[in-house]
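Below is work_27.txt, which holds compact mmCIF, N, CA and C atoms.
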# COMPACT_ATOMS: atom_id res chain seq x y z
N ILE A 11 -6.47 3.34 -10.01
CA ILE A 11 -7.19 4.26 -10.88
C ILE A 11 -7.93 5.33 -10.08
N HIS A 12 -7.97 5.20 -8.76
CA HIS A 12 -8.72 6.16 -7.95
C HIS A 12 -7.82 7.10 -7.17
N HIS A 13 -6.97 6.55 -6.33
CA HIS A 13 -6.21 7.38 -5.41
C HIS A 13 -4.87 7.87 -5.97
N ARG A 14 -4.16 7.03 -6.68
CA ARG A 14 -2.81 7.39 -7.16
C ARG A 14 -2.64 7.19 -8.66
N GLY A 15 -3.76 7.20 -9.37
CA GLY A 15 -3.73 7.06 -10.82
C GLY A 15 -5.10 7.37 -11.41
N THR A 16 -5.21 7.20 -12.71
CA THR A 16 -6.48 7.42 -13.42
C THR A 16 -6.71 6.24 -14.36
N PHE A 17 -7.86 6.22 -15.02
CA PHE A 17 -8.11 5.17 -16.00
C PHE A 17 -7.08 5.22 -17.12
N GLU A 18 -6.71 6.45 -17.51
CA GLU A 18 -5.74 6.62 -18.60
C GLU A 18 -4.32 6.25 -18.18
N LYS A 19 -3.95 6.59 -16.97
CA LYS A 19 -2.62 6.29 -16.42
C LYS A 19 -2.76 5.71 -15.02
N PRO A 20 -3.06 4.42 -14.94
CA PRO A 20 -3.24 3.80 -13.63
C PRO A 20 -1.96 3.88 -12.80
N GLY A 21 -2.13 4.02 -11.50
CA GLY A 21 -1.01 4.01 -10.58
C GLY A 21 -0.93 2.67 -9.87
N LEU A 22 0.05 2.55 -8.99
CA LEU A 22 0.24 1.32 -8.22
C LEU A 22 0.27 1.63 -6.74
N VAL A 23 -0.30 0.73 -5.95
CA VAL A 23 -0.23 0.84 -4.49
C VAL A 23 0.10 -0.54 -3.94
N LEU A 24 0.55 -0.56 -2.71
CA LEU A 24 0.87 -1.82 -2.05
C LEU A 24 -0.40 -2.54 -1.64
N ALA A 25 -0.31 -3.85 -1.55
CA ALA A 25 -1.46 -4.64 -1.12
C ALA A 25 -0.99 -5.86 -0.35
N LEU A 26 -1.77 -6.25 0.62
CA LEU A 26 -1.51 -7.50 1.33
C LEU A 26 -2.01 -8.66 0.49
N SER A 27 -1.34 -9.79 0.61
CA SER A 27 -1.70 -10.99 -0.13
C SER A 27 -2.14 -12.07 0.85
N THR A 28 -2.96 -12.98 0.38
CA THR A 28 -3.35 -14.13 1.20
C THR A 28 -2.40 -15.31 1.00
N ASP A 29 -1.38 -15.13 0.19
CA ASP A 29 -0.38 -16.17 -0.05
C ASP A 29 0.24 -16.56 1.29
N ARG A 30 0.14 -17.82 1.65
CA ARG A 30 0.60 -18.30 2.95
C ARG A 30 2.12 -18.19 3.11
N GLN A 31 2.85 -18.07 2.01
CA GLN A 31 4.30 -17.96 2.09
C GLN A 31 4.76 -16.51 2.21
N SER A 32 3.82 -15.58 2.12
CA SER A 32 4.14 -14.16 2.23
C SER A 32 3.96 -13.68 3.66
N PHE A 33 4.65 -12.60 3.98
CA PHE A 33 4.43 -11.96 5.27
C PHE A 33 4.65 -10.47 5.08
N CYS A 34 4.15 -9.71 6.02
CA CYS A 34 4.30 -8.27 5.96
C CYS A 34 4.67 -7.77 7.35
N GLU A 35 5.79 -7.10 7.44
CA GLU A 35 6.16 -6.46 8.68
C GLU A 35 5.62 -5.04 8.60
N GLY A 36 4.94 -4.60 9.63
CA GLY A 36 4.34 -3.28 9.53
C GLY A 36 3.86 -2.75 10.85
N LEU A 37 2.81 -1.97 10.77
CA LEU A 37 2.28 -1.25 11.91
C LEU A 37 0.78 -1.54 12.01
N ALA A 38 0.33 -1.87 13.21
CA ALA A 38 -1.10 -2.09 13.46
C ALA A 38 -1.61 -0.92 14.30
N PHE A 39 -2.82 -0.53 14.04
CA PHE A 39 -3.43 0.57 14.79
C PHE A 39 -4.54 0.04 15.69
N GLU A 40 -4.57 0.54 16.91
CA GLU A 40 -5.67 0.22 17.81
C GLU A 40 -6.67 1.37 17.72
N VAL A 41 -7.91 1.01 17.47
CA VAL A 41 -8.96 2.01 17.32
C VAL A 41 -9.46 2.43 18.70
N GLU A 42 -9.60 3.73 18.88
CA GLU A 42 -10.10 4.27 20.13
C GLU A 42 -11.50 3.75 20.42
N GLN A 43 -11.72 3.34 21.66
CA GLN A 43 -13.03 2.84 22.06
C GLN A 43 -14.09 3.90 21.78
N GLY A 44 -15.18 3.47 21.15
CA GLY A 44 -16.26 4.39 20.80
C GLY A 44 -16.12 4.94 19.38
N LYS A 45 -14.96 4.72 18.74
CA LYS A 45 -14.72 5.21 17.37
C LYS A 45 -14.72 4.08 16.34
N GLU A 46 -15.12 2.87 16.78
CA GLU A 46 -15.05 1.71 15.89
C GLU A 46 -15.89 1.88 14.63
N VAL A 47 -17.15 2.30 14.76
CA VAL A 47 -18.05 2.43 13.61
C VAL A 47 -17.54 3.51 12.66
N GLU A 48 -17.18 4.65 13.20
CA GLU A 48 -16.65 5.76 12.40
C GLU A 48 -15.38 5.35 11.65
N THR A 49 -14.50 4.65 12.33
CA THR A 49 -13.24 4.21 11.73
C THR A 49 -13.50 3.20 10.62
N LEU A 50 -14.39 2.25 10.88
CA LEU A 50 -14.72 1.23 9.89
C LEU A 50 -15.35 1.85 8.65
N GLU A 51 -16.22 2.82 8.82
CA GLU A 51 -16.83 3.51 7.67
C GLU A 51 -15.76 4.22 6.85
N TYR A 52 -14.84 4.89 7.53
CA TYR A 52 -13.75 5.57 6.83
C TYR A 52 -12.89 4.57 6.05
N LEU A 53 -12.48 3.49 6.70
CA LEU A 53 -11.63 2.50 6.04
C LEU A 53 -12.33 1.85 4.85
N ARG A 54 -13.58 1.51 5.02
CA ARG A 54 -14.33 0.89 3.91
C ARG A 54 -14.47 1.86 2.74
N GLY A 55 -14.72 3.12 3.02
CA GLY A 55 -14.82 4.12 1.96
C GLY A 55 -13.51 4.29 1.21
N ARG A 56 -12.41 4.19 1.91
CA ARG A 56 -11.08 4.36 1.29
C ARG A 56 -10.60 3.09 0.61
N GLU A 57 -10.75 1.95 1.26
CA GLU A 57 -10.15 0.71 0.77
C GLU A 57 -11.04 -0.10 -0.18
N LEU A 58 -12.33 0.07 -0.11
CA LEU A 58 -13.22 -0.75 -0.92
C LEU A 58 -13.81 0.02 -2.10
N VAL A 59 -13.19 1.13 -2.47
CA VAL A 59 -13.71 2.00 -3.53
C VAL A 59 -13.84 1.27 -4.87
N SER A 60 -12.95 0.34 -5.17
CA SER A 60 -13.02 -0.34 -6.47
C SER A 60 -13.22 -1.85 -6.34
N SER A 61 -13.46 -2.33 -5.16
CA SER A 61 -13.65 -3.77 -4.89
C SER A 61 -12.40 -4.60 -5.19
N ALA A 62 -11.24 -3.96 -5.28
CA ALA A 62 -10.00 -4.71 -5.51
C ALA A 62 -9.51 -5.37 -4.22
N TYR A 63 -9.98 -4.87 -3.07
CA TYR A 63 -9.57 -5.42 -1.79
C TYR A 63 -10.72 -6.17 -1.14
N LEU A 64 -10.36 -7.15 -0.35
CA LEU A 64 -11.33 -7.92 0.42
C LEU A 64 -11.06 -7.67 1.90
N GLU A 65 -12.11 -7.44 2.65
CA GLU A 65 -11.98 -7.21 4.09
C GLU A 65 -11.86 -8.56 4.78
N ARG A 66 -10.82 -8.71 5.61
CA ARG A 66 -10.58 -9.98 6.30
C ARG A 66 -10.16 -9.76 7.75
N GLN A 67 -10.51 -10.71 8.60
CA GLN A 67 -10.02 -10.77 9.98
C GLN A 67 -8.84 -11.74 9.97
N VAL A 68 -7.70 -11.30 10.46
CA VAL A 68 -6.52 -12.17 10.51
C VAL A 68 -5.86 -12.04 11.88
N SER A 69 -5.03 -13.01 12.16
CA SER A 69 -4.25 -12.98 13.39
C SER A 69 -2.92 -12.32 13.09
N LEU A 70 -2.57 -11.30 13.88
CA LEU A 70 -1.29 -10.62 13.72
C LEU A 70 -0.38 -11.01 14.87
N ASN A 71 0.89 -11.25 14.56
CA ASN A 71 1.88 -11.55 15.58
C ASN A 71 2.64 -10.27 15.89
N LEU A 72 2.53 -9.82 17.13
CA LEU A 72 3.19 -8.59 17.54
C LEU A 72 4.62 -8.87 18.00
N LYS A 73 5.44 -7.83 17.97
CA LYS A 73 6.84 -7.97 18.38
C LYS A 73 6.99 -8.42 19.83
N ASN A 74 6.00 -8.10 20.67
CA ASN A 74 6.08 -8.49 22.08
C ASN A 74 5.66 -9.94 22.31
N GLY A 75 5.38 -10.67 21.22
CA GLY A 75 5.01 -12.08 21.32
C GLY A 75 3.52 -12.34 21.34
N GLN A 76 2.73 -11.31 21.56
CA GLN A 76 1.27 -11.46 21.57
C GLN A 76 0.75 -11.66 20.15
N SER A 77 -0.41 -12.29 20.07
CA SER A 77 -1.12 -12.45 18.81
C SER A 77 -2.49 -11.81 19.00
N ILE A 78 -2.91 -10.97 18.04
CA ILE A 78 -4.20 -10.29 18.14
C ILE A 78 -4.99 -10.48 16.86
N GLN A 79 -6.30 -10.40 16.95
CA GLN A 79 -7.16 -10.40 15.77
C GLN A 79 -7.22 -8.98 15.23
N SER A 80 -7.14 -8.84 13.93
CA SER A 80 -7.14 -7.53 13.31
C SER A 80 -7.91 -7.55 12.00
N LEU A 81 -8.46 -6.41 11.66
CA LEU A 81 -9.13 -6.23 10.38
C LEU A 81 -8.09 -5.75 9.38
N VAL A 82 -8.01 -6.40 8.23
CA VAL A 82 -7.07 -6.00 7.18
C VAL A 82 -7.79 -6.05 5.83
N TYR A 83 -7.15 -5.43 4.85
CA TYR A 83 -7.66 -5.47 3.49
C TYR A 83 -6.62 -6.16 2.63
N VAL A 84 -7.02 -7.25 1.98
CA VAL A 84 -6.12 -8.02 1.13
C VAL A 84 -6.56 -7.90 -0.32
N ILE A 85 -5.62 -8.02 -1.22
CA ILE A 85 -5.92 -7.89 -2.64
C ILE A 85 -6.71 -9.10 -3.14
N ASP A 86 -7.67 -8.84 -3.98
CA ASP A 86 -8.39 -9.90 -4.68
C ASP A 86 -7.60 -10.16 -5.96
N GLU A 87 -6.84 -11.24 -5.97
CA GLU A 87 -5.96 -11.53 -7.10
C GLU A 87 -6.72 -11.84 -8.38
N GLY A 88 -8.04 -12.01 -8.29
CA GLY A 88 -8.86 -12.21 -9.48
C GLY A 88 -9.43 -10.90 -10.02
N HIS A 89 -9.18 -9.79 -9.33
CA HIS A 89 -9.71 -8.49 -9.73
C HIS A 89 -8.92 -7.94 -10.93
N ALA A 90 -9.61 -7.21 -11.79
CA ALA A 90 -8.98 -6.65 -13.00
C ALA A 90 -7.82 -5.70 -12.68
N GLN A 91 -7.83 -5.07 -11.51
CA GLN A 91 -6.77 -4.12 -11.18
C GLN A 91 -5.54 -4.79 -10.57
N TYR A 92 -5.61 -6.07 -10.28
CA TYR A 92 -4.45 -6.75 -9.70
C TYR A 92 -3.41 -6.99 -10.80
N CYS A 93 -2.17 -6.72 -10.47
CA CYS A 93 -1.10 -7.00 -11.43
C CYS A 93 0.16 -7.38 -10.67
N LYS A 94 0.99 -8.16 -11.32
CA LYS A 94 2.27 -8.55 -10.76
C LYS A 94 3.30 -8.16 -11.81
N LEU A 95 4.13 -7.15 -11.48
CA LEU A 95 5.07 -6.58 -12.43
C LEU A 95 6.48 -6.61 -11.87
N THR A 96 7.46 -6.50 -12.75
CA THR A 96 8.84 -6.37 -12.29
C THR A 96 9.01 -5.01 -11.64
N LEU A 97 10.07 -4.84 -10.87
CA LEU A 97 10.33 -3.55 -10.25
C LEU A 97 10.57 -2.47 -11.31
N ALA A 98 11.21 -2.82 -12.41
CA ALA A 98 11.43 -1.84 -13.48
C ALA A 98 10.11 -1.38 -14.09
N GLU A 99 9.19 -2.33 -14.32
CA GLU A 99 7.87 -1.97 -14.85
C GLU A 99 7.10 -1.11 -13.86
N GLN A 100 7.18 -1.45 -12.58
CA GLN A 100 6.51 -0.68 -11.54
C GLN A 100 7.04 0.75 -11.51
N ALA A 101 8.36 0.89 -11.57
CA ALA A 101 8.98 2.22 -11.49
C ALA A 101 8.50 3.12 -12.62
N LYS A 102 8.40 2.59 -13.83
CA LYS A 102 7.94 3.39 -14.97
C LYS A 102 6.52 3.92 -14.74
N ILE A 103 5.68 3.11 -14.13
CA ILE A 103 4.30 3.53 -13.86
C ILE A 103 4.26 4.56 -12.74
N ILE A 104 4.94 4.25 -11.64
CA ILE A 104 4.91 5.11 -10.46
C ILE A 104 5.48 6.50 -10.75
N ALA A 105 6.47 6.56 -11.61
CA ALA A 105 7.13 7.84 -11.92
C ALA A 105 6.19 8.84 -12.60
N VAL A 106 5.14 8.36 -13.27
CA VAL A 106 4.29 9.28 -14.04
C VAL A 106 2.82 9.34 -13.59
N ALA A 107 2.36 8.33 -12.86
CA ALA A 107 0.93 8.28 -12.49
C ALA A 107 0.59 9.33 -11.43
N LYS A 108 -0.63 9.82 -11.53
CA LYS A 108 -1.13 10.80 -10.55
C LYS A 108 -2.64 10.62 -10.46
N GLY A 109 -3.15 10.60 -9.22
CA GLY A 109 -4.59 10.40 -9.02
C GLY A 109 -5.18 11.41 -8.08
N GLY A 110 -6.37 11.13 -7.61
CA GLY A 110 -7.12 12.04 -6.76
C GLY A 110 -6.45 12.37 -5.44
N ARG A 111 -5.59 11.49 -4.96
CA ARG A 111 -4.87 11.74 -3.70
C ARG A 111 -3.42 12.14 -3.93
N GLY A 112 -3.07 12.41 -5.18
CA GLY A 112 -1.74 12.91 -5.46
C GLY A 112 -0.92 11.99 -6.34
N PRO A 113 0.34 12.38 -6.57
CA PRO A 113 1.24 11.61 -7.43
C PRO A 113 1.56 10.24 -6.84
N ASN A 114 1.71 9.28 -7.71
CA ASN A 114 2.02 7.92 -7.29
C ASN A 114 3.40 7.84 -6.63
N ASP A 115 4.35 8.65 -7.13
CA ASP A 115 5.69 8.61 -6.52
C ASP A 115 5.67 9.14 -5.09
N GLU A 116 4.77 10.07 -4.79
CA GLU A 116 4.64 10.58 -3.43
C GLU A 116 4.21 9.45 -2.48
N TYR A 117 3.31 8.60 -2.94
CA TYR A 117 2.87 7.43 -2.16
C TYR A 117 4.07 6.54 -1.84
N LEU A 118 4.90 6.29 -2.84
CA LEU A 118 6.10 5.48 -2.63
C LEU A 118 7.06 6.15 -1.65
N TYR A 119 7.32 7.43 -1.83
CA TYR A 119 8.25 8.16 -0.97
C TYR A 119 7.77 8.15 0.49
N ARG A 120 6.47 8.39 0.69
CA ARG A 120 5.93 8.41 2.05
C ARG A 120 5.97 7.02 2.69
N THR A 121 5.68 6.01 1.88
CA THR A 121 5.75 4.63 2.38
C THR A 121 7.18 4.30 2.81
N ARG A 122 8.13 4.63 1.96
CA ARG A 122 9.54 4.36 2.26
C ARG A 122 9.96 5.10 3.53
N LYS A 123 9.58 6.36 3.64
CA LYS A 123 9.96 7.15 4.81
C LYS A 123 9.41 6.52 6.09
N LYS A 124 8.15 6.09 6.06
CA LYS A 124 7.52 5.52 7.26
C LYS A 124 8.16 4.19 7.64
N ILE A 125 8.44 3.33 6.68
CA ILE A 125 9.03 2.05 7.06
C ILE A 125 10.46 2.23 7.57
N VAL A 126 11.18 3.21 7.03
CA VAL A 126 12.51 3.51 7.56
C VAL A 126 12.39 3.99 9.00
N GLU A 127 11.43 4.88 9.28
CA GLU A 127 11.19 5.36 10.64
C GLU A 127 10.87 4.21 11.60
N LEU A 128 10.18 3.20 11.09
CA LEU A 128 9.80 2.05 11.92
C LEU A 128 10.93 1.03 12.04
N GLY A 129 12.04 1.27 11.34
CA GLY A 129 13.17 0.34 11.40
C GLY A 129 12.97 -0.91 10.57
N ILE A 130 12.10 -0.82 9.57
CA ILE A 130 11.82 -1.96 8.70
C ILE A 130 12.70 -1.84 7.45
N ASN A 131 13.43 -2.89 7.16
CA ASN A 131 14.27 -2.93 5.96
C ASN A 131 13.54 -3.69 4.87
N ASP A 132 13.31 -3.04 3.74
CA ASP A 132 12.62 -3.67 2.62
C ASP A 132 13.43 -3.40 1.36
N ALA A 133 14.16 -4.40 0.94
CA ALA A 133 15.06 -4.26 -0.21
C ALA A 133 14.30 -3.89 -1.48
N GLU A 134 13.10 -4.43 -1.67
CA GLU A 134 12.34 -4.13 -2.89
C GLU A 134 11.86 -2.68 -2.91
N ILE A 135 11.42 -2.18 -1.77
CA ILE A 135 11.00 -0.77 -1.70
C ILE A 135 12.21 0.12 -1.99
N GLU A 136 13.36 -0.21 -1.43
CA GLU A 136 14.57 0.59 -1.67
C GLU A 136 14.95 0.58 -3.15
N CYS A 137 14.89 -0.59 -3.76
CA CYS A 137 15.21 -0.71 -5.18
C CYS A 137 14.21 0.07 -6.03
N LEU A 138 12.94 -0.05 -5.71
CA LEU A 138 11.89 0.66 -6.44
C LEU A 138 12.07 2.17 -6.29
N TYR A 139 12.36 2.60 -5.09
CA TYR A 139 12.60 4.02 -4.82
C TYR A 139 13.75 4.54 -5.70
N THR A 140 14.84 3.81 -5.74
CA THR A 140 16.00 4.20 -6.54
C THR A 140 15.64 4.28 -8.01
N LYS A 141 14.92 3.30 -8.51
CA LYS A 141 14.52 3.27 -9.92
C LYS A 141 13.61 4.45 -10.27
N VAL A 142 12.65 4.75 -9.40
CA VAL A 142 11.75 5.88 -9.65
C VAL A 142 12.52 7.19 -9.62
N MET A 143 13.43 7.35 -8.66
CA MET A 143 14.25 8.56 -8.58
C MET A 143 15.07 8.75 -9.85
N LEU A 144 15.63 7.69 -10.37
CA LEU A 144 16.41 7.78 -11.61
C LEU A 144 15.54 8.23 -12.78
N ILE A 145 14.36 7.67 -12.88
CA ILE A 145 13.44 8.07 -13.96
C ILE A 145 13.05 9.53 -13.81
N LYS A 146 12.71 9.94 -12.59
CA LYS A 146 12.31 11.32 -12.35
C LYS A 146 13.45 12.28 -12.65
N ASN A 147 14.66 11.92 -12.27
CA ASN A 147 15.82 12.78 -12.51
C ASN A 147 16.15 12.89 -13.99
N GLN A 148 15.92 11.83 -14.76
CA GLN A 148 16.14 11.87 -16.21
C GLN A 148 15.17 12.83 -16.87
N LYS A 149 13.94 12.88 -16.37
CA LYS A 149 12.94 13.78 -16.94
C LYS A 149 13.25 15.24 -16.62
N ASP A 150 13.89 15.47 -15.47
CA ASP A 150 14.23 16.83 -15.07
C ASP A 150 15.41 17.39 -15.87
N ASP A 151 16.23 16.50 -16.42
CA ASP A 151 17.42 16.94 -17.18
C ASP A 151 17.06 17.49 -18.55

Take the structure in the file and give it back as C-alpha cells.
Amino acid sequence: IHHRGTFEKPGLVLALSTDRQSFCEGLAFEVEQGKEVETLEYLRGRELVSSAYLERQVSLNLKNGQSIQSLVYVIDEGHAQYCKLTLAEQAKIIAVAKGGRGPNDEYLYRTRKKIVELGINDAEIECLYTKVMLIKNQKDD
C-alpha cells in the first residue's frame, strides 16, 4: 500500500519467509565501513514503513562456502498486509497497482531482470512475468 500500491489498489512485493523449508537465492550487500548507521536508517525507513516486515539477523551461506551473519527483513505472516495468492491472482494485482515508487509491474520487471543478470532461475517469477505481460497486452489491444 506504500511503495507499489495504494489503500484502494494494493500492490505486491516479494518478501523473505521464516519458513525453515524455504530458501532464497539472491544477492547480499556489504556495507561500507563508516556507513553502517546511515545505511541502517535508510533500510529501516524503507522496509519498516508499515510494520509488515521484521528485522532479523540470519546466517547466509555464500557461494564460496562461507557463512556470514546478515541483517534481513522477513515478512510478519500475522500482519494484515501478508497474503498468499496464486500466480494468476498475483498477476491481476501487479498488472494494475501503482504506488509512491511506481507501477507494481515495474517492480516485477526490474526484479526479473536482476535475477536473470545474476544467473538465478526462478520459474515462479518467469510465470508471473508472462501472466502480467499477457494482461498488460490485452489492455493495450

Of the residues A:Ile78, A:Ala25, A:Tyr139, A:Gln67, which is the one nearest to Tyr119 in chain A, using all atoms listed in the file?
A:Tyr139

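Here atom N of Pro20 in chain A and atom C of Val106 in chain A stand 7.8 Å from one another.
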
Provide an axis-aligned box for all listed atoms of range 96-109 of chain A, padding each side by 8 Å; report its centre and its edge lengths in Å to one decimal, as AutoDock Vina command-line options.
--center_x 3.1 --center_y 2.5 --center_z -11.5 --size_x 32.6 --size_y 33.9 --size_z 22.9

Counting only N, CA and C atoms, the option among A:Leu97, A:Arg14, A:Lys102, A:Leu81 closest to Glu134 in chain A:
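For Glu134 in chain A, the nearest of the given residues is A:Leu97.
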
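In this comparison, which uses only C-alpha atoms, the residue of A:Ala62, A:Ala105, A:Leu70, A:Cys137 approaching Cys93 in chain A most closely is A:Ala62.
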
So how many Å separate CA of Lys124 in chain A and CA of Tyr83 in chain A, to one decimal?
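Calculated distance between CA of Lys124 in chain A and CA of Tyr83 in chain A is 19.1 Å.
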
Which residue is closest to Ile11 in chain A? Choose from A:Phe39, A:Gly109, A:Val84, A:Glu99 and count all atoms listed in the file.
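Of all the options, A:Gly109 lies closest to Ile11 in chain A.
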
With all atoms listed in the file counted, which protein, DNA or RNA residues have an atom no more than 8 Å from (-6.7, -13.1, -0.7) in the file frame? Please answer as number ranges by chain.
A: 26-29, 64, 83-88

Report, in Å with one decimal, the straight-line distance from CA of Arg54 in chain A to atom N of Arg66 in chain A.
10.4 Å
